[in-house]
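To be precise, the following lines are entry_38.cif, and they hold mmCIF, C-alpha atoms.
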data_start
#
loop_
_atom_site.label_atom_id
_atom_site.label_comp_id
_atom_site.auth_asym_id
_atom_site.auth_seq_id
_atom_site.Cartn_x
_atom_site.Cartn_y
_atom_site.Cartn_z
CA MET A 15 98.40 102.64 111.12
CA ILE A 16 96.89 102.25 114.58
CA ALA A 17 94.11 104.77 115.13
CA GLU A 18 94.64 107.21 117.97
CA SER A 19 90.94 107.20 118.83
CA SER A 20 89.90 103.73 119.90
CA PRO A 21 86.30 102.60 119.33
CA PHE A 22 86.27 102.04 123.11
CA PRO A 23 87.68 105.22 124.77
CA TRP A 24 88.54 103.40 128.01
CA PHE A 25 90.58 100.81 126.12
CA SER A 26 94.04 101.63 124.78
CA THR A 27 95.55 99.68 121.89
CA ALA A 28 98.95 101.33 122.19
CA ARG A 29 100.57 98.09 123.36
CA ARG A 30 101.07 95.28 120.91
CA SER A 31 100.18 92.61 123.46
CA THR A 32 96.75 94.24 123.95
CA ARG A 33 96.21 94.39 120.23
CA ARG A 34 97.09 90.73 119.89
CA LEU A 35 94.49 89.91 122.51
CA VAL A 36 91.95 91.91 120.51
CA VAL A 37 92.84 89.95 117.38
CA VAL A 38 92.52 86.60 119.14
CA ALA A 39 89.18 87.63 120.66
CA TYR A 40 87.96 88.85 117.28
CA TRP A 41 88.72 85.61 115.50
CA LEU A 42 87.27 83.53 118.32
CA VAL A 43 84.03 85.50 118.06
CA ALA A 44 84.03 85.31 114.26
CA LEU A 45 84.61 81.56 114.23
CA GLY A 46 82.10 81.10 117.06
CA VAL A 47 79.45 82.89 115.02
CA PHE A 48 80.43 80.77 112.02
CA GLY A 49 79.95 77.60 114.08
CA LEU A 50 76.61 78.88 115.35
CA ILE A 51 75.39 79.58 111.82
CA GLN A 52 76.46 76.16 110.61
CA TRP A 53 74.81 74.48 113.58
CA LYS A 54 71.60 76.43 112.99
CA LEU A 55 71.57 75.53 109.31
CA ALA A 56 72.32 71.88 110.00
CA PHE A 57 69.74 71.18 112.70
CA HIS A 58 67.15 73.95 112.79
CA SER A 59 66.47 74.86 109.21
CA ASN A 60 64.63 73.67 106.13
CA TYR A 61 67.96 73.29 104.38
CA PRO A 62 69.04 73.31 101.51
CA VAL A 63 66.74 76.31 101.01
CA PRO A 64 67.78 78.92 103.61
CA THR A 65 65.31 81.63 104.59
CA TRP A 66 66.05 85.31 104.10
CA MET A 67 66.69 85.71 107.82
CA GLU A 68 69.22 82.89 107.68
CA LEU A 69 71.02 84.76 104.94
CA LEU A 70 70.66 88.15 106.56
CA PHE A 71 72.35 87.25 109.84
CA PRO A 72 75.70 86.08 108.34
CA LEU A 73 75.65 89.06 105.97
CA GLN A 74 75.23 91.40 108.94
CA VAL A 75 78.12 89.69 110.71
CA ILE A 76 80.35 89.98 107.64
CA VAL A 77 79.53 93.65 107.22
CA PHE A 78 79.73 94.84 110.82
CA LEU A 79 82.28 92.60 112.55
CA PRO A 80 85.32 93.63 110.43
CA ALA A 81 84.33 97.28 110.97
CA LEU A 82 85.37 96.84 114.61
CA LEU A 83 88.95 96.25 113.50
CA GLY A 84 88.82 99.31 111.27
CA GLY A 85 90.57 99.72 107.94
CA VAL A 86 87.53 98.98 105.80
CA ARG A 87 85.63 101.63 107.76
CA ALA A 88 86.54 104.60 109.92
CA GLY A 89 86.19 104.30 113.67
CA GLY A 90 87.97 100.99 114.28
CA PHE A 91 91.34 100.10 115.78
CA VAL A 92 93.12 100.61 112.43
CA LYS A 93 93.00 103.86 110.50
CA PRO A 94 90.70 103.78 107.46
CA PHE A 95 92.70 102.52 104.46
CA ARG A 96 91.14 104.99 102.05
CA GLY A 97 90.89 107.88 104.48
CA VAL A 98 87.69 109.82 105.07
CA LYS A 99 86.64 111.67 101.96
CA TRP A 100 83.43 113.26 103.14
CA ALA A 101 84.43 116.90 102.97
CA PRO A 102 82.03 118.46 105.54
CA MET A 103 83.53 116.24 108.25
CA GLN A 104 87.02 117.54 107.55
CA GLU A 105 86.27 121.24 107.92
CA ARG A 106 85.64 121.34 111.64
CA ASP A 107 87.99 123.16 113.99
CA ASP A 108 89.70 121.93 117.11
CA THR A 109 87.40 120.44 119.68
CA GLN A 110 87.69 120.16 123.43
CA THR A 111 87.45 116.49 124.38
CA LEU A 112 85.74 115.57 127.64
CA PHE A 113 88.30 115.57 130.49
CA GLY A 114 91.14 115.62 127.95
CA PRO A 115 93.37 117.96 125.98
CA THR A 116 92.15 120.05 123.07
CA ARG A 117 92.53 118.14 119.84
CA PRO A 118 91.29 118.47 116.29
CA VAL A 119 88.46 115.96 116.53
CA ILE A 120 86.27 115.02 113.60
CA ASN A 121 83.23 113.08 114.63
CA SER A 122 84.71 110.56 117.09
CA MET A 123 88.14 110.50 115.42
CA THR A 124 91.19 112.70 115.77
CA ALA A 125 92.45 114.44 112.64
CA ALA A 126 95.49 112.15 112.57
CA ASP A 127 93.17 109.19 111.97
CA ILE A 128 91.53 110.62 108.89
CA HIS A 129 94.35 110.29 106.38
CA LEU A 130 97.36 108.05 105.98
CA ASP A 131 100.77 109.61 105.45
CA GLU A 132 103.27 108.31 102.89
CA ARG A 133 104.85 105.76 105.25
CA GLU A 134 101.45 104.44 106.30
CA ARG A 135 100.29 104.13 102.71
CA ARG A 136 103.34 102.03 101.89
CA GLN A 137 102.72 99.90 104.93
CA ARG A 138 99.07 99.50 103.96
CA ASP A 139 100.04 98.37 100.45
CA SER A 140 102.66 95.90 101.68
CA VAL A 141 100.26 94.41 104.23
CA HIS A 142 97.65 93.98 101.52
CA PHE A 143 100.24 92.23 99.38
CA ALA A 144 100.91 89.75 102.21
CA ALA A 145 97.19 89.35 102.89
CA TYR A 146 96.52 88.79 99.20
CA THR A 147 99.10 86.02 99.03
CA CYS A 148 97.57 84.32 102.10
CA ALA A 149 94.01 84.78 100.82
CA ARG A 150 94.94 83.28 97.45
CA TRP A 151 96.07 80.03 99.09
CA PHE A 152 93.06 80.09 101.38
CA ALA A 153 90.67 80.53 98.44
CA LEU A 154 92.36 77.68 96.59
CA GLY A 155 91.84 75.45 99.64
CA LEU A 156 88.18 76.43 99.80
CA LEU A 157 87.73 75.71 96.09
CA ILE A 158 89.21 72.23 96.50
CA LEU A 159 86.88 71.72 99.47
CA GLU A 160 83.95 72.81 97.31
CA PHE A 161 84.88 70.36 94.55
CA GLY A 162 85.07 67.59 97.17
CA ALA A 163 81.66 68.59 98.53
CA ALA A 164 80.23 68.67 95.00
CA ALA A 165 81.34 65.07 94.57
CA ALA A 166 79.56 64.14 97.82
CA GLY A 167 76.22 65.51 96.64
CA PRO A 168 74.28 68.71 95.93
CA GLU A 169 73.27 69.30 99.56
CA TRP A 170 76.88 69.05 100.74
CA MET A 171 77.93 71.33 97.91
CA MET A 172 75.43 73.95 99.10
CA ARG A 173 76.55 73.65 102.72
CA ALA A 174 80.24 73.85 101.83
CA GLY A 175 79.56 76.72 99.41
CA ASN A 176 77.85 78.83 102.06
CA ALA A 177 80.61 78.12 104.57
CA ALA A 178 83.30 78.92 102.00
CA PHE A 179 81.74 82.26 101.06
CA TYR A 180 81.35 83.25 104.70
CA LEU A 181 84.94 82.36 105.59
CA LEU A 182 86.37 83.96 102.45
CA ALA A 183 84.46 87.21 103.01
CA LEU A 184 85.57 87.30 106.63
CA VAL A 185 89.20 86.69 105.70
CA LEU A 186 89.14 89.24 102.88
CA TRP A 187 87.67 91.92 105.13
CA SER A 188 89.74 91.19 108.22
CA LEU A 189 93.16 89.82 107.27
CA PRO A 190 95.02 93.10 106.51
CA GLN A 191 93.79 94.68 109.74
CA THR A 192 94.68 91.51 111.64
CA LEU A 193 98.24 91.60 110.27
CA ILE A 194 98.61 95.29 111.13
CA LEU A 195 97.29 94.91 114.66
CA TRP A 196 99.42 91.82 115.24
CA ASN A 197 102.70 93.16 113.89
CA GLU A 198 102.73 96.89 114.58
CA PRO A 199 105.13 97.63 117.47
CA ASP A 200 104.11 99.42 120.65
CA VAL A 201 102.96 102.98 120.01
CA THR A 202 104.42 105.63 122.33
CA VAL A 203 102.03 108.50 121.67
CA PRO A 204 100.93 109.77 125.12
CA ASP A 205 97.45 110.56 123.79
CA MET A 206 96.82 106.88 123.23
CA GLU A 207 97.09 106.00 126.90
CA PRO A 208 93.68 105.55 128.50
CA GLN A 209 92.54 108.71 130.20
CA GLN A 210 92.07 108.54 133.95
CA MET B 10 109.07 93.40 83.13
CA LYS B 11 109.73 91.69 79.80
CA THR B 12 109.86 93.94 76.76
CA GLU B 13 109.49 91.32 74.04
CA LEU B 14 107.13 88.44 73.38
CA ALA B 15 108.21 85.66 71.02
CA ILE B 16 105.59 83.42 69.41
CA GLY B 17 107.64 81.06 67.25
CA ASN B 18 109.62 83.28 64.88
CA ILE B 19 107.37 86.27 65.43
CA HIS B 20 108.78 88.77 67.94
CA LEU B 21 106.43 91.35 69.42
CA ASN B 22 107.78 94.48 71.02
CA LEU B 23 106.02 95.02 74.36
CA ALA B 24 108.02 98.01 75.55
CA THR B 25 105.15 100.39 74.94
CA ARG B 26 102.19 100.52 77.27
CA ALA B 27 99.69 100.52 74.40
CA ARG B 28 100.92 97.14 73.17
CA ARG B 29 100.91 95.68 76.64
CA ARG B 30 97.31 96.78 77.02
CA TRP B 31 96.41 94.92 73.83
CA VAL B 32 98.04 91.80 75.25
CA VAL B 33 96.05 92.14 78.49
CA ALA B 34 92.81 92.68 76.55
CA ALA B 35 93.49 89.62 74.38
CA PHE B 36 94.37 87.58 77.47
CA TYR B 37 91.05 88.29 79.17
CA ALA B 38 89.08 88.00 75.93
CA ALA B 39 90.45 84.48 75.51
CA PHE B 40 89.46 83.61 79.09
CA ALA B 41 86.00 85.10 78.58
CA ALA B 42 85.52 83.04 75.42
CA LEU B 43 86.64 79.87 77.16
CA LEU B 44 84.35 80.52 80.10
CA ALA B 45 81.46 81.10 77.70
CA VAL B 46 82.19 77.75 76.04
CA TRP B 47 82.41 76.12 79.46
CA PHE B 48 79.05 77.60 80.42
CA LEU B 49 77.33 76.54 77.19
CA TRP B 50 78.88 73.08 77.12
CA GLY B 51 78.03 72.32 80.71
CA SER B 52 80.17 73.20 83.68
CA THR B 53 80.30 69.62 84.95
CA ALA B 54 81.56 68.21 81.63
CA SER B 55 85.14 67.09 81.87
CA THR B 56 86.49 68.12 78.43
CA PRO B 57 85.86 71.89 78.64
CA GLY B 58 86.84 71.79 82.32
CA LEU B 59 90.18 70.22 81.43
CA ALA B 60 90.66 72.71 78.59
CA LEU B 61 89.91 75.57 80.97
CA PHE B 62 92.37 74.24 83.53
CA LEU B 63 95.12 73.79 80.91
CA PHE B 64 94.54 77.27 79.53
CA PHE B 65 94.55 78.67 83.06
CA ALA B 66 97.92 77.00 83.77
CA LEU B 67 99.33 78.29 80.46
CA GLY B 68 97.89 81.75 81.10
CA LEU B 69 99.49 81.93 84.54
CA SER B 70 102.81 80.85 83.09
CA PHE B 71 102.46 83.47 80.35
CA ILE B 72 101.53 86.40 82.55
CA GLY B 73 104.03 85.51 85.29
CA GLY B 74 104.17 87.21 88.67
CA ARG B 75 103.81 85.41 92.04
CA SER B 76 106.70 82.93 92.33
CA SER B 77 106.80 82.09 88.62
CA ARG B 78 110.20 82.59 86.96
CA ARG B 79 108.54 82.66 83.54
CA GLY B 80 106.08 85.19 82.23
CA LEU B 81 105.82 88.85 81.35
CA VAL B 82 105.80 90.03 84.97
CA PRO B 83 108.85 89.12 87.08
CA PRO B 84 108.36 87.04 90.26
CA ASP B 85 107.46 88.77 93.51
CA GLU B 86 110.92 88.63 95.06
CA VAL B 87 112.65 90.24 92.06
CA GLY B 88 112.88 93.99 91.46
CA ASP B 89 114.08 97.27 92.90
CA GLU B 90 112.31 99.50 95.42
CA ARG B 91 110.10 101.18 92.81
CA GLU B 92 108.94 97.86 91.34
CA LEU B 93 108.26 96.53 94.82
CA LEU B 94 106.07 99.51 95.67
CA ARG B 95 104.19 99.24 92.40
CA ARG B 96 103.58 95.55 93.04
CA TYR B 97 102.28 96.26 96.54
CA ARG B 98 100.06 99.00 95.18
CA ALA B 99 98.59 96.72 92.48
CA HIS B 100 97.76 94.07 95.06
CA TYR B 101 96.13 96.65 97.31
CA LEU B 102 93.95 97.88 94.44
CA VAL B 103 92.82 94.36 93.56
CA TYR B 104 92.24 93.42 97.19
CA ASN B 105 89.66 96.18 97.50
CA TRP B 106 87.62 94.69 94.69
CA LEU B 107 87.91 90.98 95.48
CA ASP B 108 84.84 90.90 97.70
CA MET B 109 82.83 92.73 95.05
CA LEU B 110 83.93 90.17 92.46
CA CYS B 111 82.64 87.37 94.68
CA ILE B 112 79.15 88.82 95.07
CA PRO B 113 77.66 87.70 91.68
CA ALA B 114 78.95 84.16 92.24
CA PHE B 115 77.56 84.22 95.79
CA PHE B 116 74.08 85.21 94.67
CA ALA B 117 74.13 82.70 91.80
CA ALA B 118 75.07 79.98 94.30
CA ILE B 119 72.18 80.99 96.58
CA ALA B 120 69.80 81.10 93.62
CA VAL B 121 70.53 77.46 92.69
CA ASN B 122 68.45 76.20 95.61
CA SER B 123 65.97 79.05 95.83
CA PRO B 124 62.26 78.11 95.65
CA ALA B 125 61.76 80.19 92.50
CA VAL B 126 64.42 78.26 90.61
CA HIS B 127 63.09 74.97 92.00
CA HIS B 128 59.63 75.78 90.65
CA ALA B 129 61.02 76.88 87.30
CA GLY B 130 62.12 73.34 86.54
CA PRO B 131 65.32 71.33 86.14
CA ALA B 132 66.45 73.13 82.96
CA VAL B 133 66.55 76.52 84.68
CA GLN B 134 68.15 74.96 87.76
CA THR B 135 70.89 73.46 85.59
CA LEU B 136 71.51 76.80 83.89
CA VAL B 137 71.72 78.69 87.21
CA GLY B 138 74.04 76.00 88.55
CA ARG B 139 76.29 76.41 85.52
CA LEU B 140 76.21 80.17 85.96
CA ALA B 141 77.32 79.83 89.60
CA TRP B 142 80.27 77.62 88.67
CA THR B 143 81.22 79.84 85.73
CA LEU B 144 81.20 82.97 87.88
CA LEU B 145 83.22 81.17 90.53
CA MET B 146 85.80 80.19 87.93
CA ALA B 147 85.89 83.77 86.65
CA VAL B 148 86.59 85.01 90.18
CA GLY B 149 89.36 82.44 90.54
CA ILE B 150 90.97 83.51 87.25
CA LEU B 151 90.81 87.19 88.22
CA PHE B 152 92.12 86.38 91.69
CA TYR B 153 95.27 84.86 90.19
CA THR B 154 95.86 87.23 87.30
CA LEU B 155 94.50 90.69 88.08
CA PRO B 156 97.53 92.14 89.97
CA GLN B 157 99.83 91.18 87.11
CA ALA B 158 97.35 92.57 84.59
CA ILE B 159 97.26 95.88 86.48
CA LEU B 160 101.06 96.04 86.42
CA LEU B 161 101.13 95.38 82.68
CA TRP B 162 98.34 97.88 82.10
CA THR B 163 99.78 100.74 84.13
CA GLU B 164 103.55 100.43 83.73
CA PRO B 165 104.73 103.34 81.55
CA ASP B 166 106.61 102.90 78.28
CA MET B 167 109.97 101.22 78.76
CA GLU B 168 113.26 101.46 76.91
CA LEU B 169 114.29 98.53 74.79
CA PRO B 170 117.45 96.73 75.97
CA GLN B 171 120.49 97.59 73.81
#
How does the structure come out when it is put into C-alpha cells?
Amino acid sequence: MIAESSPFPWFSTARRSTRRLVVVAYWLVALGVFGLIQWKLAFHSNYPVPTWMELLFPLQVIVFLPALLGGVRAGGFVKPFRGVKWAPMQERDDTQTLFGPTRPVINSMTAADIHLDERERRQRDSVHFAAYTCARWFALGLLILEFGAAAAGPEWMMRAGNAAFYLLALVLWSLPQTLILWNEPDVTVPDMEPQQ
Amino acid sequence: MKTELAIGNIHLNLATRARRRWVVAAFYAAFAALLAVWFLWGSTASTPGLALFLFFALGLSFIGGRSSRRGLVPPDEVGDERELLRRYRAHYLVYNWLDMLCIPAFFAAIAVNSPAVHHAGPAVQTLVGRLAWTLLMAVGILFYTLPQAILLWTEPDMELPQ
C-alpha cells in the first residue's frame, strides 16, 4: 500500500519509523492549523457570522492536507485507493528517470502505484473497516459535544459545530492512510531507497 | 445473515435478495418519515426527539451488525473469510461517501448564522436551524446503518436452513 514514488523524491518512506514520524508531523500540523482557525475565529472575527475567507481557509486545509498522505488522491505516501482511472495517463511507455533506472513512470508515479493488487485491495478494505469503527465513536463523541454546546447557547453551538465538522472531515479523510502508514512493516524494495 | 424475520406469529422468509431489499427500503422509509415529522414538529421538541431516539435504538437492534448479537446482520466478529471480506468491502464503500453525506448538513449549519438568513427573519432562521439538525440526524442514522444495509442489499439469495 505504500507508494513507491514519494511526493518528496529525496525522502524515503520505506522504513516504518520514518512513516510514523510523518504521521505524527501530519497530525501536529493538522491540529495546529485547527487551533489557529479556532483562535482566529474566537478573537479576530465578527463571529458568529464567519466571512467567506474564514470558511475558505479550513476547506482548503481539509482538501489539500490529506492529499499529502495519499489514498484519497494519487501522488501521496499511500497508493490511491481507487487507482488512477484516467486512461491517457496509463498508456505511456517506460520512462528514463533522472539519475535513476528506467521504470514505467506515469506522470510522477511509477506504474506499480497506479493500481492496487488483490492483497492490497483486501488490506485497503480492512483498514477502512477499522477506520470506520473508530470514526463512528469519534462522531458520536462530537455529537454529544454539539448537544452540550447547544445547551450552552447558540454561539457556542456554532463554534462547536464548526470545530466538529473540521475535525470529522480531517479524520474521515486521513484515518485510513494514517493506519496504513503507521502499521505497514518496513518495505524492502530497493527502488524505494533515496537515490544518491 | 438471518433468513427469517418473525413479527409476532407472522414469519417472513428473507432468504431471497429481493425480499431483503424490500426490508431495507421499508427501514429507510420509516426513518425518512420520522425525520420529516421531527423536522415539521420542531427539532428541539423533546417528544419527537425521544421517539426518534427510541426508533433509532430499535432500528439498530433490528438491523444488527457492529457488536450487536441481535439483528439481521451478524456481529462483526462472527463469520467466515468470505463474510469478513464482504463486511470490509461494505465499510469501504460507505466510508467513501461519508464526507459527501456530511456536506448538506455542513452547509445548512453555516446557513443558520448567515446574514441572508438573519435578514429573512426568525421564522426562516428557525426552519434552517431545524433543517441543519435534521440533516445531521440523517447523517448519524446512515453512519450507523449503511454498511449493514449494503450487506443486506447485495448478499445473493441464500438457502433456507433445513
The PyMOL selection byres ((chain A and resi 173-180) around 9) - which residues does that actually catch in the file I just gave you? List them as a PDB file with C-alpha atoms, in the frame of the given file.
ATOM      1  CA  PHE A  48      80.430  80.770 112.020  1.00  0.00           C
ATOM      2  CA  GLN A  52      76.460  76.160 110.610  1.00  0.00           C
ATOM      3  CA  LEU A  55      71.570  75.530 109.310  1.00  0.00           C
ATOM      4  CA  ALA A  56      72.320  71.880 110.000  1.00  0.00           C
ATOM      5  CA  TYR A  61      67.960  73.290 104.380  1.00  0.00           C
ATOM      6  CA  PRO A  62      69.040  73.310 101.510  1.00  0.00           C
ATOM      7  CA  PRO A  72      75.700  86.080 108.340  1.00  0.00           C
ATOM      8  CA  LEU A  73      75.650  89.060 105.970  1.00  0.00           C
ATOM      9  CA  ILE A  76      80.350  89.980 107.640  1.00  0.00           C
ATOM     10  CA  ALA A 153      90.670  80.530  98.440  1.00  0.00           C
ATOM     11  CA  LEU A 156      88.180  76.430  99.800  1.00  0.00           C
ATOM     12  CA  LEU A 157      87.730  75.710  96.090  1.00  0.00           C
ATOM     13  CA  LEU A 159      86.880  71.720  99.470  1.00  0.00           C
ATOM     14  CA  GLU A 160      83.950  72.810  97.310  1.00  0.00           C
ATOM     15  CA  ALA A 163      81.660  68.590  98.530  1.00  0.00           C
ATOM     16  CA  ALA A 164      80.230  68.670  95.000  1.00  0.00           C
ATOM     17  CA  PRO A 168      74.280  68.710  95.930  1.00  0.00           C
ATOM     18  CA  GLU A 169      73.270  69.300  99.560  1.00  0.00           C
ATOM     19  CA  TRP A 170      76.880  69.050 100.740  1.00  0.00           C
ATOM     20  CA  MET A 171      77.930  71.330  97.910  1.00  0.00           C
ATOM     21  CA  MET A 172      75.430  73.950  99.100  1.00  0.00           C
ATOM     22  CA  LEU A 181      84.940  82.360 105.590  1.00  0.00           C
ATOM     23  CA  LEU A 182      86.370  83.960 102.450  1.00  0.00           C
ATOM     24  CA  ALA A 183      84.460  87.210 103.010  1.00  0.00           C
ATOM     25  CA  LEU A 184      85.570  87.300 106.630  1.00  0.00           C
ATOM     26  CA  VAL A 185      89.200  86.690 105.700  1.00  0.00           C
TER      27      VAL A 185
ATOM     28  CA  CYS B 111      82.640  87.370  94.680  1.00  0.00           C
ATOM     29  CA  PHE B 115      77.560  84.220  95.790  1.00  0.00           C
ATOM     30  CA  ALA B 118      75.070  79.980  94.300  1.00  0.00           C
ATOM     31  CA  ILE B 119      72.180  80.990  96.580  1.00  0.00           C
TER      32      ILE B 119
END
Please write the residues picked by the PyMOL selection byres ((chain B) within 10 of (chain A)) on this file as a PyMOL selection string.
-> chain B and resi 75+85+93-109+111-112+114-115+118-124+127+145-146+149+152-153+156
Taken to one decimal, the atom CA of A:Lys93-atom CA of A:Ser20 distance is 9.9 Å
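Atom pair atom CA of A:Trp41 / atom CA of A:Ala166: separated by 29.3 Å.
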Might you spell out which residues the PyMOL selection byres ((chain B and resi 11) around 8) would select in the displayed file, as a list of chain:residue names?
-> B:Met10, B:Thr12, B:Glu13, B:Leu14, B:Leu23, B:Ala24, B:Gly80, B:Leu81, B:Val82, B:Pro83
Kindly give the distance, in Å, that separates atom CA of A:Val43 and atom CA of A:Phe78, rounded to a single decimal.
->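 It comes out at 12.6 Å.
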Point out the residue among B:His128, B:Val133, B:Gly138, B:His20 with the least atom-to-atom distance to B:Phe116, counting all atoms listed in the file.
->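 That would be B:Gly138, the residue with the smallest distance to B:Phe116.
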Have a look at A:Gly155, A:Leu195, A:Trp66, A:Met15 and name the one nearest to A:Glu132; count all atoms listed in the file.
-> A:Met15
